[in-house]
$ cat upload-v2.txt   # compact mmCIF, C-alpha atoms and all ligand atoms
# COMPACT_ATOMS: atom_id res chain seq x y z
CA MET H 1 -10.75 -12.14 15.32
CA GLY H 2 -13.86 -11.37 13.32
CA SER H 3 -14.52 -12.81 9.92
CA THR H 4 -13.44 -10.81 6.89
CA VAL H 5 -16.27 -8.55 5.85
CA ARG H 6 -16.33 -5.86 3.23
CA SER H 7 -16.00 -2.35 4.50
CA GLY H 8 -19.27 -0.98 3.16
CA THR H 9 -19.32 1.86 0.71
CA GLY H 10 -17.04 4.02 2.80
CA ARG H 11 -19.89 6.50 3.21
CA VAL H 12 -21.54 7.59 6.39
CA GLY H 13 -25.01 6.31 5.54
CA ASP H 14 -23.73 2.75 5.26
CA LEU H 15 -22.02 2.16 8.59
CA PRO H 16 -22.46 -1.47 9.58
CA ALA H 17 -24.38 -1.97 12.81
CA SER H 18 -22.39 -5.02 13.90
CA PRO H 19 -20.74 -6.17 17.13
CA LEU H 20 -17.58 -4.67 15.65
CA THR H 21 -19.03 -1.17 15.87
CA SER H 22 -16.32 1.12 17.15
CA LEU H 23 -16.19 2.38 20.71
CA ARG H 24 -15.93 5.91 19.44
CA ALA H 25 -17.89 7.49 16.62
CA PRO H 26 -16.21 6.64 13.29
CA LEU H 27 -13.97 9.00 11.37
CA ILE H 28 -15.97 10.95 8.81
CA ASP H 29 -14.66 13.79 6.70
CA THR H 30 -16.56 16.74 5.28
CA ARG H 31 -17.34 14.75 2.12
CA GLY H 32 -18.87 11.91 4.11
CA ARG H 33 -15.95 9.53 3.54
CA VAL H 34 -15.45 7.06 6.39
CA ALA H 35 -11.98 5.73 7.29
CA ARG H 36 -11.88 1.93 7.29
CA LYS H 37 -8.37 0.99 6.15
CA LEU H 38 -5.02 1.97 7.61
CA ARG H 39 -1.60 1.67 6.00
CA VAL H 40 1.15 1.52 8.58
CA SER H 41 4.69 2.15 7.45
CA LEU H 42 7.14 0.33 9.71
CA THR H 43 10.30 1.94 8.36
CA ASP H 44 11.42 4.33 5.65
CA ARG H 45 14.49 2.13 5.09
CA CYS H 46 14.78 -0.24 2.20
CA ASN H 47 17.36 -2.64 0.81
CA PHE H 48 16.10 -1.88 -2.73
CA ALA H 49 16.29 1.48 -4.46
CA CYS H 50 13.44 1.43 -6.95
CA LEU H 51 13.77 4.27 -9.39
CA PHE H 52 10.13 5.30 -8.95
CA CYS H 53 10.39 5.44 -5.16
CA MET H 54 13.78 6.23 -3.63
CA PRO H 55 16.06 9.24 -4.09
CA SER H 56 19.24 8.56 -6.04
CA LYS H 57 22.19 6.89 -4.43
CA GLY H 58 23.94 9.16 -1.93
CA LYS H 59 20.90 11.40 -1.57
CA VAL H 60 18.87 9.28 0.81
CA HIS H 61 18.37 10.66 4.31
CA TRP H 62 16.92 7.98 6.54
CA LEU H 63 14.74 9.00 9.43
CA PRO H 64 16.70 8.86 12.72
CA SER H 65 16.05 5.48 14.30
CA GLU H 66 14.92 7.08 17.59
CA ASP H 67 12.10 8.73 15.62
CA LEU H 68 10.66 5.40 14.50
CA LEU H 69 7.66 4.17 16.44
CA HIS H 70 8.34 1.23 18.73
CA PHE H 71 6.05 -1.71 18.09
CA GLU H 72 4.13 -0.99 21.32
CA GLU H 73 3.51 2.53 20.00
CA VAL H 74 2.33 1.17 16.65
CA GLU H 75 0.01 -1.20 18.44
CA ARG H 76 -1.37 1.56 20.64
CA LEU H 77 -2.12 3.87 17.70
CA VAL H 78 -3.71 1.00 15.76
CA ARG H 79 -5.94 0.27 18.77
CA VAL H 80 -7.00 3.92 18.90
CA LEU H 81 -7.70 3.90 15.15
CA VAL H 82 -9.68 0.66 15.43
CA SER H 83 -11.77 2.29 18.15
CA LEU H 84 -12.45 4.99 15.53
CA GLY H 85 -13.70 2.51 12.94
CA VAL H 86 -10.59 1.21 11.14
CA ARG H 87 -11.11 -2.45 10.20
CA ARG H 88 -8.11 -3.39 8.06
CA VAL H 89 -4.40 -2.72 8.42
CA ARG H 90 -1.71 -3.07 5.79
CA LEU H 91 1.91 -3.05 6.95
CA THR H 92 4.27 -1.41 4.51
CA GLY H 93 7.33 0.82 4.30
CA GLY H 94 10.12 1.24 3.13
CA GLU H 95 10.58 -2.47 3.46
CA PRO H 96 8.52 -3.75 6.41
CA LEU H 97 10.44 -7.04 6.66
CA LEU H 98 13.58 -5.09 7.57
CA ARG H 99 12.10 -4.49 11.03
CA PRO H 100 13.24 -7.39 13.24
CA GLY H 101 10.39 -9.14 15.03
CA VAL H 102 7.73 -7.96 12.61
CA ASP H 103 5.92 -11.28 13.01
CA GLN H 104 5.54 -10.49 16.70
CA LEU H 105 3.91 -7.18 15.79
CA VAL H 106 1.57 -9.02 13.42
CA ARG H 107 0.60 -11.34 16.27
CA GLN H 108 -0.17 -8.38 18.54
CA LEU H 109 -2.20 -6.59 15.88
CA THR H 110 -4.29 -9.61 14.91
CA ARG H 111 -5.40 -9.86 18.55
CA ILE H 112 -6.95 -6.38 18.54
CA PRO H 113 -10.71 -6.83 18.86
CA GLY H 114 -12.54 -5.35 15.90
CA LEU H 115 -9.57 -5.48 13.53
CA GLU H 116 -10.62 -7.86 10.78
CA GLU H 117 -7.57 -8.14 8.57
CA VAL H 118 -3.83 -7.53 8.71
CA ASP H 119 -1.92 -7.68 5.41
CA MET H 120 1.53 -6.66 4.22
CA THR H 121 3.15 -5.17 1.14
CA THR H 122 6.78 -6.22 0.68
CA ASN H 123 9.53 -6.24 -1.90
CA GLY H 124 9.80 -9.99 -1.26
CA TRP H 125 13.52 -10.09 -0.44
CA SER H 126 12.98 -11.83 2.92
CA LEU H 127 9.68 -13.49 2.17
CA ALA H 128 11.01 -16.98 1.50
CA GLU H 129 12.10 -17.27 5.14
CA MET H 130 9.40 -15.01 6.63
CA ALA H 131 6.27 -16.39 4.95
CA ALA H 132 5.86 -19.23 7.49
CA PRO H 133 6.40 -17.14 10.66
CA LEU H 134 4.11 -14.44 9.31
CA ARG H 135 1.41 -16.97 8.55
CA ARG H 136 1.75 -18.47 12.02
CA ALA H 137 1.47 -14.98 13.49
CA GLY H 138 -1.88 -14.55 11.77
CA LEU H 139 -1.01 -12.40 8.75
CA HIS H 140 -3.76 -12.66 6.16
CA GLY H 141 -2.50 -11.56 2.78
CA VAL H 142 0.73 -10.44 1.25
CA THR H 143 1.32 -8.24 -1.76
CA VAL H 144 4.71 -8.61 -3.38
CA SER H 145 6.09 -5.96 -5.71
CA LEU H 146 7.44 -7.34 -8.98
CA HIS H 147 8.14 -4.98 -11.83
CA SER H 148 10.04 -7.21 -14.21
CA LEU H 149 10.68 -10.89 -14.85
CA ARG H 150 14.03 -10.23 -16.51
CA ALA H 151 16.95 -10.29 -14.10
CA ASP H 152 18.83 -7.42 -15.75
CA ARG H 153 15.77 -5.21 -15.86
CA PHE H 154 14.78 -6.06 -12.35
CA ARG H 155 18.20 -4.90 -11.30
CA ALA H 156 17.93 -1.72 -13.37
CA ILE H 157 14.59 -0.86 -11.77
CA ALA H 158 15.16 -1.97 -8.17
CA GLY H 159 18.91 -1.40 -7.99
CA VAL H 160 19.44 -4.92 -6.62
CA ASP H 161 20.02 -8.28 -8.24
CA ALA H 162 17.09 -9.93 -6.49
CA LEU H 163 14.68 -11.40 -9.02
CA SER H 164 15.19 -15.06 -8.09
CA ARG H 165 14.87 -14.31 -4.38
CA VAL H 166 11.64 -12.40 -4.90
CA LEU H 167 10.20 -15.22 -7.01
CA GLU H 168 11.08 -17.69 -4.25
CA GLY H 169 9.31 -15.39 -1.82
CA ILE H 170 6.13 -15.36 -3.91
CA ASP H 171 6.15 -19.14 -4.13
CA ALA H 172 6.72 -19.46 -0.38
CA ALA H 173 3.78 -17.12 0.31
CA CYS H 174 1.52 -19.27 -1.88
CA ARG H 175 2.80 -22.49 -0.30
CA GLU H 176 2.29 -21.23 3.25
CA GLY H 177 -1.29 -20.26 2.49
CA LEU H 178 -1.10 -16.51 2.95
CA THR H 179 -4.39 -15.27 1.52
CA PRO H 180 -4.59 -13.40 -0.69
CA VAL H 181 -1.21 -13.34 -2.41
CA LYS H 182 -1.07 -10.42 -4.84
CA ILE H 183 1.56 -8.95 -7.09
CA ASN H 184 2.03 -5.19 -7.54
CA SER H 185 3.67 -3.91 -10.67
CA VAL H 186 4.43 -0.29 -11.52
CA ALA H 187 4.61 0.11 -15.29
CA ILE H 188 6.97 2.84 -16.44
CA ARG H 189 7.28 3.96 -20.01
CA GLY H 190 10.55 2.86 -21.51
CA TYR H 191 11.33 0.36 -18.74
CA ASN H 192 8.86 -2.47 -18.53
CA GLU H 193 5.61 -1.76 -20.37
CA ASP H 194 6.48 -4.51 -22.84
CA GLU H 195 6.33 -7.06 -19.99
CA VAL H 196 2.62 -6.69 -19.26
CA ILE H 197 1.74 -10.04 -20.84
CA ASP H 198 4.72 -11.85 -19.29
CA LEU H 199 3.64 -10.63 -15.85
CA VAL H 200 0.03 -11.62 -16.53
CA GLU H 201 1.14 -15.13 -17.51
CA PHE H 202 3.37 -15.42 -14.45
CA ALA H 203 0.44 -14.48 -12.18
CA ARG H 204 -2.01 -16.76 -13.96
CA GLU H 205 0.34 -19.73 -13.63
CA ARG H 206 0.20 -19.23 -9.86
CA ASP H 207 -3.45 -18.20 -9.82
CA VAL H 208 -2.62 -14.99 -7.97
CA SER H 209 -3.99 -11.51 -8.49
CA LEU H 210 -1.82 -9.03 -10.38
CA ARG H 211 -2.21 -5.27 -9.92
CA PHE H 212 -0.71 -2.69 -12.22
CA ILE H 213 -0.24 0.68 -10.51
CA GLU H 214 0.17 3.88 -12.46
CA PHE H 215 3.40 5.70 -11.71
CA MET H 216 2.67 8.51 -9.21
CA PRO H 217 4.74 11.67 -8.71
CA LEU H 218 5.99 10.44 -5.33
CA ASP H 219 9.41 9.31 -6.52
CA GLY H 220 12.42 10.45 -4.53
CA ARG H 221 14.36 11.37 -7.66
CA GLY H 222 11.75 13.82 -8.90
CA THR H 223 11.84 12.38 -12.40
CA TRP H 224 8.11 11.70 -12.62
CA ASP H 225 6.62 12.93 -15.84
CA PRO H 226 3.17 12.26 -17.32
CA ALA H 227 4.93 10.82 -20.36
CA LYS H 228 6.36 8.04 -18.17
CA VAL H 229 2.93 6.99 -16.90
CA VAL H 230 1.61 3.89 -18.65
CA SER H 231 -2.13 4.32 -18.26
CA GLY H 232 -4.47 1.64 -17.02
CA ALA H 233 -6.32 1.89 -20.32
CA GLU H 234 -3.16 1.06 -22.27
CA ILE H 235 -2.38 -1.90 -20.02
CA LEU H 236 -5.94 -3.15 -20.34
CA SER H 237 -5.81 -3.00 -24.09
CA ARG H 238 -2.50 -4.90 -24.17
CA ILE H 239 -4.04 -7.65 -22.04
CA ARG H 240 -7.31 -7.71 -23.98
CA ASP H 241 -5.40 -8.22 -27.21
CA ARG H 242 -4.31 -11.58 -25.79
CA TYR H 243 -6.99 -12.65 -23.30
CA PRO H 244 -10.75 -12.15 -23.09
CA LEU H 245 -11.46 -10.41 -19.78
CA LEU H 246 -14.54 -10.28 -17.60
CA LEU H 247 -15.07 -7.08 -15.65
CA ARG H 248 -15.43 -7.66 -11.91
CA GLY H 249 -15.46 -3.97 -11.07
CA ARG H 250 -14.11 -1.90 -8.22
CA GLY H 251 -15.42 -2.52 -4.71
CA ASP H 252 -16.39 0.57 -2.73
CA GLY H 253 -13.31 2.17 -1.27
CA ASP H 254 -11.01 -0.15 -3.22
CA THR H 255 -8.10 1.15 -5.25
CA ALA H 256 -8.21 -1.46 -8.02
CA ARG H 257 -10.72 -2.06 -10.77
CA ARG H 258 -10.54 -5.80 -11.37
CA TRP H 259 -11.03 -8.20 -14.25
CA GLY H 260 -11.15 -11.97 -14.29
CA PHE H 261 -9.98 -14.17 -17.16
CA ALA H 262 -12.52 -16.12 -19.18
CA ASP H 263 -11.01 -19.45 -18.03
CA GLY H 264 -11.40 -18.40 -14.39
CA ARG H 265 -7.68 -18.49 -13.69
CA GLY H 266 -6.08 -15.43 -12.08
CA GLU H 267 -7.20 -11.85 -11.88
CA VAL H 268 -5.85 -8.52 -12.99
CA GLY H 269 -6.47 -5.17 -11.31
CA LEU H 270 -5.67 -1.67 -12.46
CA ILE H 271 -4.86 1.04 -9.94
CA THR H 272 -5.21 4.30 -11.82
CA PRO H 273 -4.62 7.26 -9.48
CA ILE H 274 -3.39 9.44 -12.36
CA THR H 275 -5.75 8.77 -15.26
CA GLU H 276 -8.89 7.63 -13.40
CA PRO H 277 -8.60 8.58 -9.72
CA PHE H 278 -10.86 7.00 -7.12
CA CYS H 279 -10.83 9.63 -4.36
CA ASP H 280 -14.59 10.09 -3.91
CA ASP H 281 -15.04 6.92 -1.87
CA CYS H 282 -11.53 6.70 -0.43
CA ASP H 283 -11.54 4.95 2.95
CA ARG H 284 -7.79 4.95 3.67
CA VAL H 285 -5.56 6.70 6.17
CA ARG H 286 -1.84 6.33 6.78
CA LEU H 287 0.60 6.24 9.64
CA THR H 288 4.25 6.85 8.79
CA SER H 289 7.06 5.01 10.54
CA ASP H 290 7.83 8.14 12.59
CA GLY H 291 4.25 8.49 13.75
CA MET H 292 2.85 11.05 11.32
CA PHE H 293 -0.82 10.67 10.43
CA LEU H 294 -1.73 11.27 6.79
CA THR H 295 -5.27 11.31 5.46
CA CYS H 296 -4.25 11.08 1.80
CA LEU H 297 -1.15 10.05 -0.17
CA PHE H 298 -1.30 13.49 -1.73
CA ASP H 299 -1.79 15.38 1.55
CA ARG H 300 1.01 17.85 2.20
CA THR H 301 0.49 17.98 5.96
CA LEU H 302 2.22 15.47 8.20
CA ASN H 303 0.29 15.39 11.47
CA ASP H 304 2.42 14.31 14.38
CA LEU H 305 1.00 11.66 16.71
CA ARG H 306 4.35 10.48 18.08
CA GLY H 307 5.12 13.78 19.85
CA PRO H 308 1.83 13.94 21.77
CA MET H 309 2.00 10.20 22.49
CA ARG H 310 5.52 10.43 23.92
CA SER H 311 4.50 13.53 25.92
CA GLY H 312 1.83 11.55 27.73
CA ALA H 313 -1.34 12.10 25.66
CA THR H 314 -4.18 9.79 26.64
CA ASP H 315 -5.92 7.55 24.10
CA GLU H 316 -8.86 9.95 24.21
CA GLU H 317 -6.60 12.89 23.35
CA LEU H 318 -4.97 10.95 20.51
CA ALA H 319 -8.39 9.98 19.18
CA GLU H 320 -9.52 13.59 19.30
CA ARG H 321 -6.43 14.74 17.42
CA ILE H 322 -6.97 12.05 14.76
CA ARG H 323 -10.62 13.07 14.43
CA THR H 324 -9.75 16.75 13.95
CA VAL H 325 -7.11 15.95 11.33
CA TYR H 326 -9.35 13.46 9.50
CA GLY H 327 -12.11 16.05 9.28
CA ARG H 328 -9.72 18.07 7.11
CA LYS H 329 -8.96 15.20 4.70
CA PRO H 330 -8.29 16.86 1.33
CA PRO H 331 -10.58 15.94 -1.60
CA GLY H 332 -7.79 13.95 -3.28
CA VAL H 333 -5.52 13.80 -6.28
CA GLN H 334 -8.32 14.18 -8.79
CA TYR H 335 -9.00 17.68 -7.45
CA LEU H 336 -5.37 18.81 -7.64
CA GLY H 337 -4.28 20.99 -10.52
CA ASP H 338 -1.26 20.23 -12.66
CA LEU H 339 0.69 17.75 -10.59
CA ARG H 340 3.95 18.87 -12.14
CA LYS H 341 3.53 22.56 -11.38
CA THR H 342 1.24 23.10 -8.44
CA TRP H 343 1.83 20.19 -6.12
CA VAL H 344 5.02 19.46 -4.19
CA LYS H 345 5.32 16.18 -2.33
CA PRO H 346 6.22 16.39 1.36
CA ARG H 347 8.23 13.15 1.23
CA ALA H 348 9.14 10.40 -1.20
CA MET H 349 7.10 7.20 -1.29
CA HIS H 350 9.51 5.12 0.81
CA ALA H 351 9.14 7.59 3.69
CA ILE H 352 5.36 7.87 3.45
CA GLY H 353 4.48 4.20 3.04
CA GLY H 354 2.91 3.01 -0.18
N1 LIG L 1 8.94 -2.08 -0.09
C1 LIG L 1 7.64 -2.61 -0.26
C2 LIG L 1 7.34 -2.89 -1.72
O1 LIG L 1 8.08 -2.43 -2.57
O2 LIG L 1 6.35 -3.54 -1.98
C3 LIG L 1 6.55 -1.78 0.36
C4 LIG L 1 6.66 -0.29 0.18
S1 LIG L 1 6.38 0.30 -1.46
C5 LIG L 1 6.55 2.02 -1.23
C6 LIG L 1 4.65 0.02 -1.67
C7 LIG L 1 4.17 -0.01 -3.10
O3 LIG L 1 4.29 1.28 -3.65
C8 LIG L 1 4.97 -0.93 -3.98
O4 LIG L 1 4.10 -1.82 -4.65
C9 LIG L 1 5.63 -0.01 -4.95
O5 LIG L 1 5.78 -0.61 -6.20
C10 LIG L 1 4.68 1.15 -5.00
N2 LIG L 1 5.29 2.42 -5.41
C11 LIG L 1 6.43 2.97 -4.96
N3 LIG L 1 6.65 4.16 -5.55
C12 LIG L 1 5.62 4.36 -6.39
C13 LIG L 1 5.27 5.41 -7.29
N4 LIG L 1 6.03 6.50 -7.42
N5 LIG L 1 4.13 5.28 -8.01
C14 LIG L 1 3.34 4.19 -7.88
N6 LIG L 1 3.61 3.17 -7.03
C15 LIG L 1 4.74 3.26 -6.31
FE1 LIG L 2 11.98 -0.19 -1.47
FE2 LIG L 2 9.48 -0.76 -2.01
FE3 LIG L 2 10.42 1.70 -2.52
FE4 LIG L 2 11.25 -0.36 -3.97
S1 LIG L 2 9.14 0.44 -3.84
S2 LIG L 2 12.57 1.20 -3.04
S3 LIG L 2 11.26 -2.00 -2.54
S4 LIG L 2 10.17 0.80 -0.55
$ encode --input "upload-v2.txt" --output "structure tokens"
Amino acid sequence: MGSTVRSGTGRVGDLPASPLTSLRAPLIDTRGRVARKLRVSLTDRCNFACLFCMPSKGKVHWLPSEDLLHFEEVERLVRVLVSLGVRRVRLTGGEPLLRPGVDQLVRQLTRIPGLEEVDMTTNGWSLAEMAAPLRRAGLHGVTVSLHSLRADRFRAIAGVDALSRVLEGIDAACREGLTPVKINSVAIRGYNEDEVIDLVEFARERDVSLRFIEFMPLDGRGTWDPAKVVSGAEILSRIRDRYPLLLRGRGDGDTARRWGFADGRGEVGLITPITEPFCDDCDRVRLTSDGMFLTCLFDRTLNDLRGPMRSGATDEELAERIRTVYGRKPPGVQYLGDLRKTWVKPRAMHAIGG
């Protein structure tokens, strides 16, 4: 396992000439963006039903289980993508901890030469018992989603009475030494925007990084509306009213612009795909749980890798297919027109992988 290094600017002129250099030429799109990070969804299923993610009760259609990639298939596609320059993997879903044996998959992935970091995003339900096995398997960091610190609100947002379990999960992740531990919070107008400071204080007490994500129109219920988006600028001003902040900036290819607190404790990041998108140096690609390759969260084309893989495609053929698809990576959300009128999502967030 190599040491954790930054991924460069995500542009072709800055490819690192290191022993980790890929076996194949890296993935570069027509805008010169280089793919370095991969989000792998392990399942579209979830035991929560967050209102900004899942369809309403009774309207969820899970992917057939035979369509889900087996762990060996996930590992194979990750290997091919690492040979094409991917350096970091984030496991997500749906809820990734619903897949039995996920720690075993982590162990397999962390052994892939050239892959520098494997992290996970989880709703935290199973983290209290899984933090130790995941750490032993070599998982680096964990990001836990936490949208409210009030039990009734948590339930209203996530559809499950799970606040205390999720908090135990966060504490277990810190105790076990998963690094970094981060918290993701989606602020939605009328639901939780008044909890910004409470969430900041919670994160500072634990010295973990807190990220606020703007609500994206990827919700299964189709209720997204610009009026429900609490902008990064508004969140920043709420925090600044209480705490002096020091700008740390946004690393190349990163989604979050980050600030530190004047006393050095904790960190806050704003992920602003709606009001201040960051598509021009995007270095991310995605693999859905049923083996579809996506070059952008806002791409409408699901490119099947499972079919060719199960029909006997070689690694070289899979790499070629990935390269062709990546070359067509769309410019990104900031170049889309009116999201409400002109863009239709292919799937809800839980079935893409956030
Ligand atoms: N179940 C895990 C969890 O909740 O962390 C992983 C999957 S979830 C889809 C990944 C991240 O996407 C979570 O932090 C979640 O809050 C965020 N998310 C889901 N729907 C979103 C939306 N419509 N807009 C912005 N973020 C969203
Ligand atoms: Fe499940 Fe995560 Fe979507 Fe919430 S955000 S419904 S926890 S996949």
$ residues_around --input "upload-v2.txt" --residues "segment 145-150 of chain H" --least-positions-apart "3" --cutoff "7 Å" --atoms "all atoms listed in the file" --output "list in words"
Thr122, Asn123, Arg153, Phe154, Ile183, Asn184, Ser185, Val186, Asn192 and Glu195 of chain H
$ residues_near_ligand --input "upload-v2.txt" --ligand "ligand LIG 1 (chain L)" --cutoff "9 Å" --atoms "only C-alpha atoms and all ligand atoms" --output "compact mmCIF listing (two decimals) with C-alpha atoms, in the coordinates of the input"
# COMPACT_ATOMS: atom_id res chain seq x y z
CA SER H 41 4.69 2.15 7.45
CA ASP H 44 11.42 4.33 5.65
CA ARG H 45 14.49 2.13 5.09
CA CYS H 46 14.78 -0.24 2.20
CA ASN H 47 17.36 -2.64 0.81
CA PHE H 48 16.10 -1.88 -2.73
CA CYS H 50 13.44 1.43 -6.95
CA LEU H 51 13.77 4.27 -9.39
CA PHE H 52 10.13 5.30 -8.95
CA CYS H 53 10.39 5.44 -5.16
CA MET H 54 13.78 6.23 -3.63
CA LEU H 91 1.91 -3.05 6.95
CA THR H 92 4.27 -1.41 4.51
CA GLY H 93 7.33 0.82 4.30
CA GLY H 94 10.12 1.24 3.13
CA GLU H 95 10.58 -2.47 3.46
CA PRO H 96 8.52 -3.75 6.41
CA LEU H 97 10.44 -7.04 6.66
CA MET H 120 1.53 -6.66 4.22
CA THR H 121 3.15 -5.17 1.14
CA THR H 122 6.78 -6.22 0.68
CA ASN H 123 9.53 -6.24 -1.90
CA GLY H 124 9.80 -9.99 -1.26
CA THR H 143 1.32 -8.24 -1.76
CA VAL H 144 4.71 -8.61 -3.38
CA SER H 145 6.09 -5.96 -5.71
CA LEU H 146 7.44 -7.34 -8.98
CA HIS H 147 8.14 -4.98 -11.83
CA ILE H 183 1.56 -8.95 -7.09
CA ASN H 184 2.03 -5.19 -7.54
CA SER H 185 3.67 -3.91 -10.67
CA VAL H 186 4.43 -0.29 -11.52
CA ALA H 187 4.61 0.11 -15.29
CA ARG H 211 -2.21 -5.27 -9.92
CA PHE H 212 -0.71 -2.69 -12.22
CA ILE H 213 -0.24 0.68 -10.51
CA GLU H 214 0.17 3.88 -12.46
CA PHE H 215 3.40 5.70 -11.71
CA MET H 216 2.67 8.51 -9.21
CA PRO H 217 4.74 11.67 -8.71
CA LEU H 218 5.99 10.44 -5.33
CA ASP H 219 9.41 9.31 -6.52
CA GLY H 220 12.42 10.45 -4.53
CA TRP H 224 8.11 11.70 -12.62
CA PRO H 273 -4.62 7.26 -9.48
CA ALA H 348 9.14 10.40 -1.20
CA MET H 349 7.10 7.20 -1.29
CA HIS H 350 9.51 5.12 0.81
CA ALA H 351 9.14 7.59 3.69
CA ILE H 352 5.36 7.87 3.45
CA GLY H 353 4.48 4.20 3.04
CA GLY H 354 2.91 3.01 -0.18
$ atom_distance --input "upload-v2.txt" --atom1 "atom S1 of ligand LIG 2 (chain L)" --atom2 "atom CA of Gly260 of chain H"
26.0 Å
$ residues_near_point --input "upload-v2.txt" --point "(-8.2, 19.3, -0.1)" --cutoff "10 Å" --atoms "all atoms listed in the file" --output "PyMOL selection string"
chain H and resi 296+298-300+328-333+335-336
$ closest_residue --input "upload-v2.txt" --among "H:Arg206, H:Arg310, H:Arg221, H:Arg321" --to "ligand LIG 2 (chain L)" --atoms "only C-alpha atoms and all ligand atoms"
H:Arg221
$ residues_around --input "upload-v2.txt" --residues "Arg250 of chain H" --least-positions-apart "4" --cutoff "10 Å" --atoms "all atoms listed in the file" --output "PDB file with C-alpha atoms, keeping the file's coordinate frame"
ATOM      1  CA  ASP H 254     -11.010  -0.150  -3.220  1.00  0.00           C
ATOM      2  CA  THR H 255      -8.100   1.150  -5.250  1.00  0.00           C
ATOM      3  CA  ALA H 256      -8.210  -1.460  -8.020  1.00  0.00           C
ATOM      4  CA  ARG H 257     -10.720  -2.060 -10.770  1.00  0.00           C
ATOM      5  CA  ARG H 258     -10.540  -5.800 -11.370  1.00  0.00           C
ATOM      6  CA  TRP H 259     -11.030  -8.200 -14.250  1.00  0.00           C
ATOM      7  CA  GLY H 269      -6.470  -5.170 -11.310  1.00  0.00           C
ATOM      8  CA  LEU H 270      -5.670  -1.670 -12.460  1.00  0.00           C
ATOM      9  CA  ILE H 271      -4.860   1.040  -9.940  1.00  0.00           C
ATOM     10  CA  PHE H 278     -10.860   7.000  -7.120  1.00  0.00           C
TER      11      PHE H 278
END
$ closest_residue --input "upload-v2.txt" --among "H:Val268, H:Asp281, H:Asp290, H:Leu297" --to "Gly251 of chain H" --atoms "all atoms listed in the file"
H:Asp281
$ closest_residue --input "upload-v2.txt" --among "H:Glu267, H:Glu320, H:Asp67, H:Asp283" --to "Ala25 of chain H" --atoms "all atoms listed in the file"
H:Glu320
$ atom_distance --input "upload-v2.txt" --atom1 "atom CA of Gly101 of chain H" --atom2 "atom CA of Phe71 of chain H"
9.1 Å
$ residues_around --input "upload-v2.txt" --residues "Asp119 of chain H" --least-positions-apart "4" --cutoff "12 Å" --atoms "only C-alpha atoms" --output "PDB file with C-alpha atoms, keeping the file's coordinate frame"
ATOM      1  CA  LYS H  37      -8.370   0.990   6.150  1.00  0.00           C
ATOM      2  CA  LEU H  38      -5.020   1.970   7.610  1.00  0.00           C
ATOM      3  CA  ARG H  39      -1.600   1.670   6.000  1.00  0.00           C
ATOM      4  CA  VAL H  40       1.150   1.520   8.580  1.00  0.00           C
ATOM      5  CA  ARG H  87     -11.110  -2.450  10.200  1.00  0.00           C
ATOM      6  CA  ARG H  88      -8.110  -3.390   8.060  1.00  0.00           C
ATOM      7  CA  VAL H  89      -4.400  -2.720   8.420  1.00  0.00           C
ATOM      8  CA  ARG H  90      -1.710  -3.070   5.790  1.00  0.00           C
ATOM      9  CA  LEU H  91       1.910  -3.050   6.950  1.00  0.00           C
ATOM     10  CA  THR H  92       4.270  -1.410   4.510  1.00  0.00           C
ATOM     11  CA  PRO H  96       8.520  -3.750   6.410  1.00  0.00           C
ATOM     12  CA  ASP H 103       5.920 -11.280  13.010  1.00  0.00           C
ATOM     13  CA  LEU H 105       3.910  -7.180  15.790  1.00  0.00           C
ATOM     14  CA  VAL H 106       1.570  -9.020  13.420  1.00  0.00           C
ATOM     15  CA  ARG H 107       0.600 -11.340  16.270  1.00  0.00           C
ATOM     16  CA  LEU H 109      -2.200  -6.590  15.880  1.00  0.00           C
ATOM     17  CA  THR H 110      -4.290  -9.610  14.910  1.00  0.00           C
ATOM     18  CA  LEU H 115      -9.570  -5.480  13.530  1.00  0.00           C
ATOM     19  CA  ALA H 131       6.270 -16.390   4.950  1.00  0.00           C
ATOM     20  CA  LEU H 134       4.110 -14.440   9.310  1.00  0.00           C
ATOM     21  CA  ARG H 135       1.410 -16.970   8.550  1.00  0.00           C
ATOM     22  CA  ALA H 137       1.470 -14.980  13.490  1.00  0.00           C
ATOM     23  CA  GLY H 138      -1.880 -14.550  11.770  1.00  0.00           C
ATOM     24  CA  LEU H 139      -1.010 -12.400   8.750  1.00  0.00           C
ATOM     25  CA  HIS H 140      -3.760 -12.660   6.160  1.00  0.00           C
ATOM     26  CA  GLY H 141      -2.500 -11.560   2.780  1.00  0.00           C
ATOM     27  CA  VAL H 142       0.730 -10.440   1.250  1.00  0.00           C
ATOM     28  CA  THR H 143       1.320  -8.240  -1.760  1.00  0.00           C
ATOM     29  CA  VAL H 144       4.710  -8.610  -3.380  1.00  0.00           C
ATOM     30  CA  LEU H 178      -1.100 -16.510   2.950  1.00  0.00           C
ATOM     31  CA  THR H 179      -4.390 -15.270   1.520  1.00  0.00           C
ATOM     32  CA  PRO H 180      -4.590 -13.400  -0.690  1.00  0.00           C
ATOM     33  CA  VAL H 181      -1.210 -13.340  -2.410  1.00  0.00           C
ATOM     34  CA  LYS H 182      -1.070 -10.420  -4.840  1.00  0.00           C
TER      35      LYS H 182
END
$ closest_residue --input "upload-v2.txt" --among "H:Arg76, H:His61, H:Ala49, H:Glu66" --to "Ala313 of chain H" --atoms "only C-alpha atoms"
H:Arg76
$ atom_distance --input "upload-v2.txt" --atom1 "atom CA of Leu339 of chain H" --atom2 "atom CA of Gly291 of chain H"
26.3 Å
$ residues_near_point --input "upload-v2.txt" --point "(13.1, -11.8, 0.1)" --cutoff "8 Å" --atoms "only C-alpha atoms" --output "list in words"
Asn123, Gly124, Trp125, Ser126, Leu127, Ala128, Glu129, Ala162, Arg165, Val166, Glu168 and Gly169 of chain H
